[in-house]
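*Asks:* My structure is in structure.cif, and what it holds is mmCIF, C-alpha atoms, pLDDT in the B column; chains and numbers go by the auth columns:
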data_start
#
loop_
_atom_site.group_PDB
_atom_site.id
_atom_site.type_symbol
_atom_site.label_atom_id
_atom_site.label_comp_id
_atom_site.label_asym_id
_atom_site.label_seq_id
_atom_site.Cartn_x
_atom_site.Cartn_y
_atom_site.Cartn_z
_atom_site.B_iso_or_equiv
_atom_site.auth_seq_id
_atom_site.auth_asym_id
ATOM 1 C CA MET A 1 86.655 118.623 111.136 77.00 14 A
ATOM 2 C CA ASN A 2 86.312 120.891 114.172 84.00 15 A
ATOM 3 C CA LEU A 3 89.069 119.985 116.562 86.00 16 A
ATOM 4 C CA GLN A 4 88.284 118.708 120.034 86.00 17 A
ATOM 5 C CA ALA A 5 90.511 119.003 123.073 82.00 18 A
ATOM 6 C CA ASP A 6 92.113 115.564 122.820 90.00 19 A
ATOM 7 C CA ASP A 7 92.413 115.449 119.033 93.00 20 A
ATOM 8 C CA LEU A 8 95.819 115.059 117.508 95.00 21 A
ATOM 9 C CA ARG A 9 96.425 117.007 114.315 96.00 22 A
ATOM 10 C CA LEU A 10 99.334 116.586 111.941 96.00 23 A
ATOM 11 C CA ASP A 11 100.010 118.714 108.859 97.00 24 A
ATOM 12 C CA LEU A 12 102.776 117.544 106.580 96.00 25 A
ATOM 13 C CA PRO A 13 104.051 117.718 103.001 97.00 26 A
ATOM 14 C CA ALA A 14 102.336 115.263 100.681 96.00 27 A
ATOM 15 C CA THR A 15 105.354 113.112 99.964 96.00 28 A
ATOM 16 C CA ASN A 16 106.147 109.465 100.559 95.00 29 A
ATOM 17 C CA LYS A 17 109.193 110.640 102.468 95.00 30 A
ATOM 18 C CA TYR A 18 107.038 111.341 105.524 95.00 31 A
ATOM 19 C CA LEU A 19 104.903 108.213 105.556 96.00 32 A
ATOM 20 C CA ASN A 20 107.050 107.071 108.469 95.00 33 A
ATOM 21 C CA VAL A 21 106.050 110.177 110.439 96.00 34 A
ATOM 22 C CA LEU A 22 102.380 109.299 110.084 94.00 35 A
ATOM 23 C CA GLY A 23 103.124 105.782 111.239 93.00 36 A
ATOM 24 C CA ALA A 24 105.104 106.878 114.277 94.00 37 A
ATOM 25 C CA CYS A 25 102.381 109.345 115.213 94.00 38 A
ATOM 26 C CA LEU A 26 99.628 106.729 115.037 95.00 39 A
ATOM 27 C CA ASP A 27 101.717 104.199 116.950 93.00 40 A
ATOM 28 C CA ALA A 28 102.309 106.707 119.727 94.00 41 A
ATOM 29 C CA PHE A 29 98.645 107.717 119.889 94.00 42 A
ATOM 30 C CA ILE A 30 97.407 104.125 120.065 94.00 43 A
ATOM 31 C CA ALA A 31 100.053 103.227 122.655 92.00 44 A
ATOM 32 C CA ARG A 32 98.350 105.615 125.087 92.00 45 A
ATOM 33 C CA ILE A 33 94.967 103.910 124.747 94.00 46 A
ATOM 34 C CA GLU A 34 94.458 101.399 127.527 92.00 47 A
ATOM 35 C CA GLY A 35 93.022 97.935 127.105 91.00 48 A
ATOM 36 C CA VAL A 36 93.338 97.534 123.344 92.00 49 A
ATOM 37 C CA ASP A 37 93.319 93.856 122.393 89.00 50 A
ATOM 38 C CA ASP A 38 96.533 92.903 120.645 89.00 51 A
ATOM 39 C CA ALA A 39 97.566 96.560 120.481 91.00 52 A
ATOM 40 C CA ARG A 40 100.691 95.890 118.410 91.00 53 A
ATOM 41 C CA ILE A 41 98.737 94.262 115.603 93.00 54 A
ATOM 42 C CA ALA A 42 95.913 96.811 115.829 94.00 55 A
ATOM 43 C CA ALA A 43 98.348 99.707 115.583 95.00 56 A
ATOM 44 C CA TYR A 44 100.173 98.092 112.678 96.00 57 A
ATOM 45 C CA ASN A 45 96.979 97.484 110.711 96.00 58 A
ATOM 46 C CA ILE A 46 95.703 101.034 111.277 97.00 59 A
ATOM 47 C CA GLU A 47 99.084 102.401 110.274 97.00 60 A
ATOM 48 C CA LEU A 48 99.032 100.351 107.083 97.00 61 A
ATOM 49 C CA ALA A 49 95.516 101.529 106.183 98.00 62 A
ATOM 50 C CA VAL A 50 96.432 105.192 106.706 98.00 63 A
ATOM 51 C CA ASN A 51 99.715 104.701 104.834 97.00 64 A
ATOM 52 C CA GLU A 52 97.798 103.349 101.822 97.00 65 A
ATOM 53 C CA ILE A 53 95.370 106.270 101.678 97.00 66 A
ATOM 54 C CA VAL A 54 98.141 108.851 102.028 97.00 67 A
ATOM 55 C CA ALA A 55 100.305 107.119 99.417 96.00 68 A
ATOM 56 C CA ASN A 56 97.288 107.289 97.079 95.00 69 A
ATOM 57 C CA ILE A 57 96.887 110.994 97.841 97.00 70 A
ATOM 58 C CA VAL A 58 100.541 111.571 96.970 96.00 71 A
ATOM 59 C CA ARG A 59 100.316 109.512 93.786 94.00 72 A
ATOM 60 C CA HIS A 60 96.874 110.492 92.490 94.00 73 A
ATOM 61 C CA ALA A 61 95.457 113.617 94.163 96.00 74 A
ATOM 62 C CA TYR A 62 98.773 115.416 93.856 97.00 75 A
ATOM 63 C CA ALA A 63 99.829 113.778 90.592 93.00 76 A
ATOM 64 C CA ASN A 64 100.448 117.173 89.020 88.00 77 A
ATOM 65 C CA THR A 65 102.218 118.924 91.872 91.00 78 A
ATOM 66 C CA THR A 66 104.978 118.379 94.387 89.00 79 A
ATOM 67 C CA ASP A 67 103.975 120.999 96.936 93.00 80 A
ATOM 68 C CA GLY A 68 100.706 119.556 98.232 96.00 81 A
ATOM 69 C CA ARG A 69 99.959 118.978 101.877 97.00 82 A
ATOM 70 C CA VAL A 70 98.059 116.357 103.834 98.00 83 A
ATOM 71 C CA THR A 71 96.465 116.811 107.226 97.00 84 A
ATOM 72 C CA MET A 72 95.615 113.998 109.587 97.00 85 A
ATOM 73 C CA VAL A 73 93.329 114.331 112.581 97.00 86 A
ATOM 74 C CA VAL A 74 93.167 111.427 115.020 97.00 87 A
ATOM 75 C CA ARG A 75 90.334 111.228 117.535 97.00 88 A
ATOM 76 C CA LEU A 76 89.419 108.593 120.091 96.00 89 A
ATOM 77 C CA ILE A 77 85.656 108.275 120.539 95.00 90 A
ATOM 78 C CA GLN A 78 84.032 106.349 123.388 93.00 91 A
ATOM 79 C CA GLU A 79 80.929 104.142 123.416 90.00 92 A
ATOM 80 C CA PRO A 80 81.539 102.310 121.294 93.00 93 A
ATOM 81 C CA ARG A 81 85.244 102.973 121.507 95.00 94 A
ATOM 82 C CA GLN A 82 86.611 103.770 118.095 96.00 95 A
ATOM 83 C CA LEU A 83 89.551 105.493 116.518 97.00 96 A
ATOM 84 C CA LEU A 84 88.549 108.042 113.915 97.00 97 A
ATOM 85 C CA ILE A 85 91.181 109.244 111.479 98.00 98 A
ATOM 86 C CA GLU A 86 90.456 112.005 109.017 98.00 99 A
ATOM 87 C CA LEU A 87 92.839 112.666 106.141 98.00 100 A
ATOM 88 C CA ALA A 88 92.411 115.800 104.048 98.00 101 A
ATOM 89 C CA ASP A 89 94.110 117.187 100.970 98.00 102 A
ATOM 90 C CA THR A 90 93.458 119.868 98.374 97.00 103 A
ATOM 91 C CA GLY A 91 94.430 117.818 95.355 97.00 104 A
ATOM 92 C CA LEU A 92 92.456 116.382 92.460 96.00 105 A
ATOM 93 C CA ALA A 93 89.125 114.764 93.270 95.00 106 A
ATOM 94 C CA PHE A 94 88.981 111.005 93.692 93.00 107 A
ATOM 95 C CA ASP A 95 86.728 109.241 91.194 87.00 108 A
ATOM 96 C CA PRO A 96 85.293 106.133 92.909 78.00 109 A
ATOM 97 C CA THR A 97 84.436 104.583 89.542 80.00 110 A
ATOM 98 C CA THR A 98 88.149 104.239 88.809 81.00 111 A
ATOM 99 C CA ALA A 99 88.775 102.225 91.972 80.00 112 A
ATOM 100 C CA VAL A 100 88.355 98.660 90.761 82.00 113 A
ATOM 101 C CA GLU A 101 88.600 95.875 93.323 87.00 114 A
ATOM 102 C CA PRO A 102 91.736 93.822 92.717 89.00 115 A
ATOM 103 C CA ASP A 103 91.361 90.344 91.282 85.00 116 A
ATOM 104 C CA LEU A 104 92.777 88.276 94.124 88.00 117 A
ATOM 105 C CA ASP A 105 93.063 85.218 91.891 85.00 118 A
ATOM 106 C CA ASP A 106 95.515 87.060 89.679 84.00 119 A
ATOM 107 C CA VAL A 107 99.014 88.256 90.534 82.00 120 A
ATOM 108 C CA GLN A 108 98.759 91.969 89.923 84.00 121 A
ATOM 109 C CA ILE A 109 101.361 94.512 90.883 85.00 122 A
ATOM 110 C CA HIS A 110 99.291 97.615 91.639 85.00 123 A
ATOM 111 C CA GLY A 111 95.778 98.471 92.769 86.00 124 A
ATOM 112 C CA TYR A 112 95.728 97.145 96.332 93.00 125 A
ATOM 113 C CA GLY A 113 95.883 100.395 98.306 94.00 126 A
ATOM 114 C CA LEU A 114 92.216 101.231 98.817 95.00 127 A
ATOM 115 C CA PHE A 115 91.333 97.547 99.048 96.00 128 A
ATOM 116 C CA LEU A 116 93.801 97.154 101.914 97.00 129 A
ATOM 117 C CA ALA A 117 92.512 100.220 103.745 97.00 130 A
ATOM 118 C CA ARG A 118 88.939 98.939 103.485 96.00 131 A
ATOM 119 C CA SER A 119 89.980 95.473 104.610 97.00 132 A
ATOM 120 C CA LEU A 120 91.889 96.701 107.636 97.00 133 A
ATOM 121 C CA MET A 121 89.429 99.330 108.903 98.00 134 A
ATOM 122 C CA ASP A 122 85.789 99.029 109.916 97.00 135 A
ATOM 123 C CA ASP A 123 84.750 101.937 107.733 97.00 136 A
ATOM 124 C CA VAL A 124 86.421 104.021 105.024 97.00 137 A
ATOM 125 C CA SER A 125 84.513 106.891 103.476 96.00 138 A
ATOM 126 C CA TYR A 126 85.380 109.645 101.029 97.00 139 A
ATOM 127 C CA THR A 127 83.830 113.097 100.661 96.00 140 A
ATOM 128 C CA ARG A 128 84.659 115.720 98.087 96.00 141 A
ATOM 129 C CA ARG A 129 84.152 119.196 99.491 93.00 142 A
ATOM 130 C CA GLN A 130 84.594 122.431 97.533 91.00 143 A
ATOM 131 C CA ASN A 131 88.322 122.237 96.983 92.00 144 A
ATOM 132 C CA SER A 132 89.342 119.402 99.188 96.00 145 A
ATOM 133 C CA ASN A 133 89.176 115.655 99.610 97.00 146 A
ATOM 134 C CA GLU A 134 88.321 114.131 102.962 97.00 147 A
ATOM 135 C CA TRP A 135 88.882 110.523 103.879 97.00 148 A
ATOM 136 C CA CYS A 136 87.411 109.237 107.116 97.00 149 A
ATOM 137 C CA LEU A 137 88.709 105.956 108.512 98.00 150 A
ATOM 138 C CA ILE A 138 87.157 104.271 111.543 98.00 151 A
ATOM 139 C CA LYS A 139 88.415 101.349 113.582 97.00 152 A
ATOM 140 C CA TYR A 140 86.544 99.980 116.597 96.00 153 A
ATOM 141 C CA LEU A 141 88.926 99.141 119.409 94.00 154 A
ATOM 142 C CA MET B 1 115.586 100.980 105.350 79.00 4 B
ATOM 143 C CA ALA B 2 118.920 99.262 104.840 86.00 5 B
ATOM 144 C CA LEU B 3 119.852 96.902 101.978 90.00 6 B
ATOM 145 C CA THR B 4 122.556 94.280 102.200 93.00 7 B
ATOM 146 C CA THR B 5 123.434 91.921 99.353 94.00 8 B
ATOM 147 C CA ARG B 6 125.186 88.578 99.700 94.00 9 B
ATOM 148 C CA THR B 7 125.677 85.575 97.449 95.00 10 B
ATOM 149 C CA VAL B 8 125.378 81.935 98.441 95.00 11 B
ATOM 150 C CA GLY B 9 126.243 79.681 95.493 93.00 12 B
ATOM 151 C CA ASN B 10 124.022 80.818 92.644 93.00 13 B
ATOM 152 C CA VAL B 11 121.539 82.509 94.946 96.00 14 B
ATOM 153 C CA THR B 12 121.596 86.241 95.621 96.00 15 B
ATOM 154 C CA ILE B 13 120.385 87.199 99.078 97.00 16 B
ATOM 155 C CA LEU B 14 118.860 90.629 99.578 96.00 17 B
ATOM 156 C CA GLU B 15 118.607 91.408 103.260 96.00 18 B
ATOM 157 C CA LEU B 16 116.340 94.319 104.146 96.00 19 B
ATOM 158 C CA SER B 17 115.728 96.013 107.446 95.00 20 B
ATOM 159 C CA GLY B 18 113.531 98.795 108.725 95.00 21 B
ATOM 160 C CA ARG B 19 110.463 100.244 107.094 95.00 22 B
ATOM 161 C CA PHE B 20 109.782 99.119 103.513 95.00 23 B
ATOM 162 C CA ASP B 21 107.247 101.567 102.077 95.00 24 B
ATOM 163 C CA ALA B 22 106.475 103.705 99.029 95.00 25 B
ATOM 164 C CA HIS B 23 109.449 105.923 99.812 94.00 26 B
ATOM 165 C CA MET B 24 111.877 103.017 99.830 93.00 27 B
ATOM 166 C CA ALA B 25 110.397 100.883 97.025 94.00 28 B
ATOM 167 C CA PRO B 26 112.368 102.709 94.272 93.00 29 B
ATOM 168 C CA ALA B 27 115.619 101.576 95.909 93.00 30 B
ATOM 169 C CA ILE B 28 114.596 97.968 95.328 92.00 31 B
ATOM 170 C CA LEU B 29 113.712 98.663 91.696 92.00 32 B
ATOM 171 C CA GLU B 30 117.157 100.201 91.271 91.00 33 B
ATOM 172 C CA TRP B 31 118.707 97.142 92.894 92.00 34 B
ATOM 173 C CA TYR B 32 116.942 94.858 90.362 90.00 35 B
ATOM 174 C CA GLY B 33 118.575 96.880 87.608 87.00 36 B
ATOM 175 C CA LYS B 34 121.997 95.726 88.798 88.00 37 B
ATOM 176 C CA LEU B 35 120.952 92.120 89.358 88.00 38 B
ATOM 177 C CA ARG B 36 122.766 89.556 87.217 87.00 39 B
ATOM 178 C CA THR B 37 121.104 86.388 88.492 90.00 40 B
ATOM 179 C CA SER B 38 117.520 85.162 88.566 95.00 41 B
ATOM 180 C CA GLN B 39 117.658 83.200 91.819 97.00 42 B
ATOM 181 C CA VAL B 40 116.925 85.611 94.640 97.00 43 B
ATOM 182 C CA VAL B 41 116.001 85.311 98.300 98.00 44 B
ATOM 183 C CA VAL B 42 114.732 88.428 100.041 98.00 45 B
ATOM 184 C CA ASN B 43 115.317 88.126 103.768 98.00 46 B
ATOM 185 C CA LEU B 44 112.678 90.247 105.530 98.00 47 B
ATOM 186 C CA ALA B 45 113.634 89.364 109.103 97.00 48 B
ATOM 187 C CA GLY B 46 114.536 92.958 109.881 97.00 49 B
ATOM 188 C CA VAL B 47 111.578 94.559 108.101 97.00 50 B
ATOM 189 C CA ASN B 48 108.950 95.898 110.470 96.00 51 B
ATOM 190 C CA PHE B 49 106.558 97.419 107.926 97.00 52 B
ATOM 191 C CA ILE B 50 105.540 96.656 104.329 97.00 53 B
ATOM 192 C CA ASP B 51 103.006 98.613 102.282 97.00 54 B
ATOM 193 C CA SER B 52 101.479 97.941 98.870 96.00 55 B
ATOM 194 C CA SER B 53 104.220 99.852 97.038 96.00 56 B
ATOM 195 C CA ALA B 54 106.820 97.624 98.664 96.00 57 B
ATOM 196 C CA LEU B 55 104.717 94.594 97.836 96.00 58 B
ATOM 197 C CA ALA B 56 104.572 95.811 94.226 96.00 59 B
ATOM 198 C CA ALA B 57 108.361 96.054 94.149 96.00 60 B
ATOM 199 C CA LEU B 58 108.690 92.479 95.436 96.00 61 B
ATOM 200 C CA THR B 59 106.046 91.204 93.001 96.00 62 B
ATOM 201 C CA GLY B 60 107.744 92.918 90.080 94.00 63 B
ATOM 202 C CA GLY B 61 111.009 91.268 91.063 95.00 64 B
ATOM 203 C CA MET B 62 109.365 87.876 91.345 96.00 65 B
ATOM 204 C CA LYS B 63 107.845 88.199 87.865 95.00 66 B
ATOM 205 C CA ARG B 64 111.164 89.322 86.432 94.00 67 B
ATOM 206 C CA CYS B 65 113.046 86.381 87.953 96.00 68 B
ATOM 207 C CA ARG B 66 110.415 83.867 86.806 96.00 69 B
ATOM 208 C CA GLN B 67 110.578 85.231 83.263 95.00 70 B
ATOM 209 C CA GLN B 68 114.279 84.309 83.403 94.00 71 B
ATOM 210 C CA ASN B 69 113.468 80.797 84.711 95.00 72 B
ATOM 211 C CA GLY B 70 114.446 81.733 88.236 96.00 73 B
ATOM 212 C CA ASP B 71 112.443 82.934 91.204 97.00 74 B
ATOM 213 C CA LEU B 72 112.382 85.498 93.964 97.00 75 B
ATOM 214 C CA LYS B 73 111.539 83.885 97.278 98.00 76 B
ATOM 215 C CA LEU B 74 110.878 85.448 100.651 98.00 77 B
ATOM 216 C CA CYS B 75 111.892 84.396 104.118 98.00 78 B
ATOM 217 C CA ALA B 76 111.641 85.281 107.805 98.00 79 B
ATOM 218 C CA LEU B 77 108.587 87.535 107.730 98.00 80 B
ATOM 219 C CA GLN B 78 107.674 89.169 111.025 96.00 81 B
ATOM 220 C CA GLN B 79 104.117 88.423 112.104 94.00 82 B
ATOM 221 C CA PRO B 80 102.590 91.893 111.535 94.00 83 B
ATOM 222 C CA VAL B 81 103.924 92.220 107.989 95.00 84 B
ATOM 223 C CA GLN B 82 102.262 88.963 106.990 95.00 85 B
ATOM 224 C CA VAL B 83 98.853 90.661 106.920 95.00 86 B
ATOM 225 C CA ILE B 84 99.457 92.348 103.562 96.00 87 B
ATOM 226 C CA PHE B 85 100.426 89.040 101.961 96.00 88 B
ATOM 227 C CA GLU B 86 97.362 87.327 103.405 96.00 89 B
ATOM 228 C CA LEU B 87 94.825 90.023 102.427 96.00 90 B
ATOM 229 C CA THR B 88 96.156 90.295 98.871 96.00 91 B
ATOM 230 C CA ARG B 89 96.694 86.504 98.698 95.00 92 B
ATOM 231 C CA MET B 90 100.262 87.142 97.654 95.00 93 B
ATOM 232 C CA ASN B 91 101.223 84.495 100.191 96.00 94 B
ATOM 233 C CA ARG B 92 100.055 82.070 97.476 95.00 95 B
ATOM 234 C CA ALA B 93 102.015 83.761 94.708 96.00 96 B
ATOM 235 C CA PHE B 94 105.349 83.925 96.539 97.00 97 B
ATOM 236 C CA GLU B 95 107.265 81.009 97.951 97.00 98 B
ATOM 237 C CA ILE B 96 107.732 82.036 101.576 98.00 99 B
ATOM 238 C CA PHE B 97 110.029 80.237 104.013 98.00 100 B
ATOM 239 C CA PRO B 98 110.550 80.557 107.754 98.00 101 B
ATOM 240 C CA THR B 99 114.329 80.771 107.404 97.00 102 B
ATOM 241 C CA GLU B 100 116.908 81.933 104.882 97.00 103 B
ATOM 242 C CA ALA B 101 118.566 78.510 104.865 97.00 104 B
ATOM 243 C CA GLU B 102 115.315 76.841 103.831 97.00 105 B
ATOM 244 C CA ALA B 103 114.735 79.429 101.092 97.00 106 B
ATOM 245 C CA ILE B 104 118.244 78.886 99.694 97.00 107 B
ATOM 246 C CA ALA B 105 117.903 75.115 99.896 96.00 108 B
ATOM 247 C CA SER B 106 114.639 75.261 97.925 96.00 109 B
ATOM 248 C CA PHE B 107 116.586 76.332 94.825 95.00 110 B
ATOM 249 C CA ARG B 108 118.494 73.041 94.936 86.00 111 B
ATOM 250 C CA ARG B 109 115.336 70.910 94.636 76.00 112 B
#
Since I need it in another form, could you write the structure as structure tokens?
*Replies:*
Amino acid sequence: MNLQADDLRLDLPATNKYLNVLGACLDAFIARIEGVDDARIAAYNIELAVNEIVANIVRHAYANTTDGRVTMVVRLIQEPRQLLIELADTGLAFDPTTAVEPDLDDVQIHGYGLFLARSLMDDVSYTRRQNSNEWCLIKYL
Amino acid sequence: MALTTRTVGNVTILELSGRFDAHMAPAILEWYGKLRTSQVVVNLAGVNFIDSSALAALTGGMKRCRQQNGDLKLCALQQPVQVIFELTRMNRAFEIFPTEAEAIASFRR
């Protein structure tokens, strides 16, 4: 993604240790947006969606390495107002056929991450580029 | 995240605070390893964030306790953290109480 003047860009080690940094960053960014309905809940839900995608990157894309990195770009777009969040990594490709929707009538322990991100955001898309994975999350505000 | 353990009668209370995410979930799994009872209340009053890894840790604990004829019950969830239970329908799987006292009392039924 080509950066624009007001974009926020974060580059951090792909480890669960820094999930809280992503959360704090998103909270702070959203706090500066005026007129967001129920901003606390909106920020929480966006943070949870991003957390789930990054945790999946750590667990799956970087399953074979501990020195991967994740970048996050956050952009506010107007008309219609939306928050666009792009997450990128250089780990293993994501295979959409392996992402089975959870059976909500069963009590399962794992497999909710992508489902949660899709439920909480208005759009979640994945693109595999040459050597990188790009996740684009959109939430209308 | 901070963990505090207390006992009330036969019920073990695990009080958590802070952010409960994939980084902190292993601490809960380690805590289960030391657990000697199967009646557990997890007090989430101080928890301001829960992700699916944390939910998995709670669900694993619930299954473990139920296999031993006990249960792991939750109490005092902050409003924002309830969303993950609602979307995954885990609010139907867990017994969830507004207060710790009610959760403890439910074991006496």
*Asks:* Please list, as an mmCIF file with C-alpha atoms, in the frame of the given file, the residues that have an atom at most 12 Å away from (100.9, 105.7, 114.7) in the coordinates of this file, counting all atoms listed in the file.
*Replies:*
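Below is the file out17.cif, written as the result:
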data_model
loop_
_atom_site.group_PDB
_atom_site.id
_atom_site.type_symbol
_atom_site.label_atom_id
_atom_site.label_comp_id
_atom_site.auth_asym_id
_atom_site.auth_seq_id
_atom_site.Cartn_x
_atom_site.Cartn_y
_atom_site.Cartn_z
ATOM 1 C CA LEU A 21 95.819 115.059 117.508
ATOM 2 C CA LEU A 23 99.334 116.586 111.941
ATOM 3 C CA LEU A 32 104.903 108.213 105.556
ATOM 4 C CA ASN A 33 107.050 107.071 108.469
ATOM 5 C CA VAL A 34 106.050 110.177 110.439
ATOM 6 C CA LEU A 35 102.380 109.299 110.084
ATOM 7 C CA GLY A 36 103.124 105.782 111.239
ATOM 8 C CA ALA A 37 105.104 106.878 114.277
ATOM 9 C CA CYS A 38 102.381 109.345 115.213
ATOM 10 C CA LEU A 39 99.628 106.729 115.037
ATOM 11 C CA ASP A 40 101.717 104.199 116.950
ATOM 12 C CA ALA A 41 102.309 106.707 119.727
ATOM 13 C CA PHE A 42 98.645 107.717 119.889
ATOM 14 C CA ILE A 43 97.407 104.125 120.065
ATOM 15 C CA ALA A 44 100.053 103.227 122.655
ATOM 16 C CA ARG A 45 98.350 105.615 125.087
ATOM 17 C CA ILE A 46 94.967 103.910 124.747
ATOM 18 C CA ALA A 52 97.566 96.560 120.481
ATOM 19 C CA ARG A 53 100.691 95.890 118.410
ATOM 20 C CA ILE A 54 98.737 94.262 115.603
ATOM 21 C CA ALA A 55 95.913 96.811 115.829
ATOM 22 C CA ALA A 56 98.348 99.707 115.583
ATOM 23 C CA TYR A 57 100.173 98.092 112.678
ATOM 24 C CA ASN A 58 96.979 97.484 110.711
ATOM 25 C CA ILE A 59 95.703 101.034 111.277
ATOM 26 C CA GLU A 60 99.084 102.401 110.274
ATOM 27 C CA LEU A 61 99.032 100.351 107.083
ATOM 28 C CA ALA A 62 95.516 101.529 106.183
ATOM 29 C CA VAL A 63 96.432 105.192 106.706
ATOM 30 C CA ASN A 64 99.715 104.701 104.834
ATOM 31 C CA MET A 85 95.615 113.998 109.587
ATOM 32 C CA VAL A 86 93.329 114.331 112.581
ATOM 33 C CA VAL A 87 93.167 111.427 115.020
ATOM 34 C CA LEU A 96 89.551 105.493 116.518
ATOM 35 C CA ILE A 98 91.181 109.244 111.479
#
*Asks:* Enumerate as a PyMOL selection string the residues belonging to chain B that approach chain A to within 12 Å, with only C-alpha atoms taken into account.
*Replies:* chain B and resi 4+21-29+51-67+81-97
*Asks:* If you keep C-alpha atoms, can you produce a file of those selected residues as a PDB file, in the coordinates of the input?
*Replies:*
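Written output follows (result_35.pdb):
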ATOM      1  CA  MET B   4     115.586 100.980 105.350  1.00 79.00           C
ATOM      2  CA  GLY B  21     113.531  98.795 108.725  1.00 95.00           C
ATOM      3  CA  ARG B  22     110.463 100.244 107.094  1.00 95.00           C
ATOM      4  CA  PHE B  23     109.782  99.119 103.513  1.00 95.00           C
ATOM      5  CA  ASP B  24     107.247 101.567 102.077  1.00 95.00           C
ATOM      6  CA  ALA B  25     106.475 103.705  99.029  1.00 95.00           C
ATOM      7  CA  HIS B  26     109.449 105.923  99.812  1.00 94.00           C
ATOM      8  CA  MET B  27     111.877 103.017  99.830  1.00 93.00           C
ATOM      9  CA  ALA B  28     110.397 100.883  97.025  1.00 94.00           C
ATOM     10  CA  PRO B  29     112.368 102.709  94.272  1.00 93.00           C
ATOM     11  CA  ASN B  51     108.950  95.898 110.470  1.00 96.00           C
ATOM     12  CA  PHE B  52     106.558  97.419 107.926  1.00 97.00           C
ATOM     13  CA  ILE B  53     105.540  96.656 104.329  1.00 97.00           C
ATOM     14  CA  ASP B  54     103.006  98.613 102.282  1.00 97.00           C
ATOM     15  CA  SER B  55     101.479  97.941  98.870  1.00 96.00           C
ATOM     16  CA  SER B  56     104.220  99.852  97.038  1.00 96.00           C
ATOM     17  CA  ALA B  57     106.820  97.624  98.664  1.00 96.00           C
ATOM     18  CA  LEU B  58     104.717  94.594  97.836  1.00 96.00           C
ATOM     19  CA  ALA B  59     104.572  95.811  94.226  1.00 96.00           C
ATOM     20  CA  ALA B  60     108.361  96.054  94.149  1.00 96.00           C
ATOM     21  CA  LEU B  61     108.690  92.479  95.436  1.00 96.00           C
ATOM     22  CA  THR B  62     106.046  91.204  93.001  1.00 96.00           C
ATOM     23  CA  GLY B  63     107.744  92.918  90.080  1.00 94.00           C
ATOM     24  CA  GLY B  64     111.009  91.268  91.063  1.00 95.00           C
ATOM     25  CA  MET B  65     109.365  87.876  91.345  1.00 96.00           C
ATOM     26  CA  LYS B  66     107.845  88.199  87.865  1.00 95.00           C
ATOM     27  CA  ARG B  67     111.164  89.322  86.432  1.00 94.00           C
ATOM     28  CA  GLN B  81     107.674  89.169 111.025  1.00 96.00           C
ATOM     29  CA  GLN B  82     104.117  88.423 112.104  1.00 94.00           C
ATOM     30  CA  PRO B  83     102.590  91.893 111.535  1.00 94.00           C
ATOM     31  CA  VAL B  84     103.924  92.220 107.989  1.00 95.00           C
ATOM     32  CA  GLN B  85     102.262  88.963 106.990  1.00 95.00           C
ATOM     33  CA  VAL B  86      98.853  90.661 106.920  1.00 95.00           C
ATOM     34  CA  ILE B  87      99.457  92.348 103.562  1.00 96.00           C
ATOM     35  CA  PHE B  88     100.426  89.040 101.961  1.00 96.00           C
ATOM     36  CA  GLU B  89      97.362  87.327 103.405  1.00 96.00           C
ATOM     37  CA  LEU B  90      94.825  90.023 102.427  1.00 96.00           C
ATOM     38  CA  THR B  91      96.156  90.295  98.871  1.00 96.00           C
ATOM     39  CA  ARG B  92      96.694  86.504  98.698  1.00 95.00           C
ATOM     40  CA  MET B  93     100.262  87.142  97.654  1.00 95.00           C
ATOM     41  CA  ASN B  94     101.223  84.495 100.191  1.00 96.00           C
ATOM     42  CA  ARG B  95     100.055  82.070  97.476  1.00 95.00           C
ATOM     43  CA  ALA B  96     102.015  83.761  94.708  1.00 96.00           C
ATOM     44  CA  PHE B  97     105.349  83.925  96.539  1.00 97.00           C
TER      45      PHE B  97
END
*Asks:* Could you tell me how far CA of Thr8 in chain B sits from CA of Lys37 in chain B, in Å to one decimal place?
*Replies:*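 Rounded to one decimal, the two atoms are 11.3 Å apart.
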*Asks:* Run through the PyMOL selection byres ((chain A and resi 70) around 10) on the given coordinates and return the selected residues as a list in words.
*Replies:*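 With the PyMOL selection byres ((chain A and resi 70) around 10) on this model, the match is Ala27, Thr28, Asn29, Asn64, Glu65, Ile66, Val67, Ala68, Asn69, Val71, Arg72, His73, Ala74, Tyr75, Ala76, Gly81, Arg82, Val83, Leu100, Ala101, Asp102, Thr103, Gly104, Leu105, Ala106, Phe107 and Asn146 of chain A.
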*Asks:* For the structure shown, which residues end up in the PyMOL selection byres ((chain B and resi 42) around 8)? Put them as a PyMOL selection string, please?
*Replies:* chain B and resi 13-15+40-41+43-44+68+73-75+110
*Asks:* Just how far from CA of Asp135 in chain A is CA of Ile151 in chain A, in Å to one decimal?
*Replies:* 5.7 Å
*Asks:* What does the structure give for the distance between CA of Leu19 in chain B and CA of Glu103 in chain B, in Å to one decimal?
*Replies:*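 These atoms are spaced 12.4 Å apart.
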*Asks:* Since the input is missing atoms, can you rebuild N, CA and C atoms for range 83-87 of chain A and write them as a tab-separated table (two decimals), in the frame of the given file?
*Replies:*
chain	number	residue	atom	x	y	z
A	83	VAL	N	99.06	117.28	103.29
A	83	VAL	CA	98.06	116.36	103.83
A	83	VAL	C	97.90	116.66	105.31
A	84	THR	N	96.67	116.70	105.78
A	84	THR	CA	96.46	116.81	107.23
A	84	THR	C	95.82	115.53	107.74
A	85	MET	N	96.20	115.18	108.94
A	85	MET	CA	95.62	114.00	109.59
A	85	MET	C	95.13	114.42	110.97
A	86	VAL	N	93.87	114.12	111.24
A	86	VAL	CA	93.33	114.33	112.58
A	86	VAL	C	92.97	112.97	113.15
A	87	VAL	N	93.45	112.70	114.35
A	87	VAL	CA	93.17	111.43	115.02
A	87	VAL	C	92.34	111.72	116.26
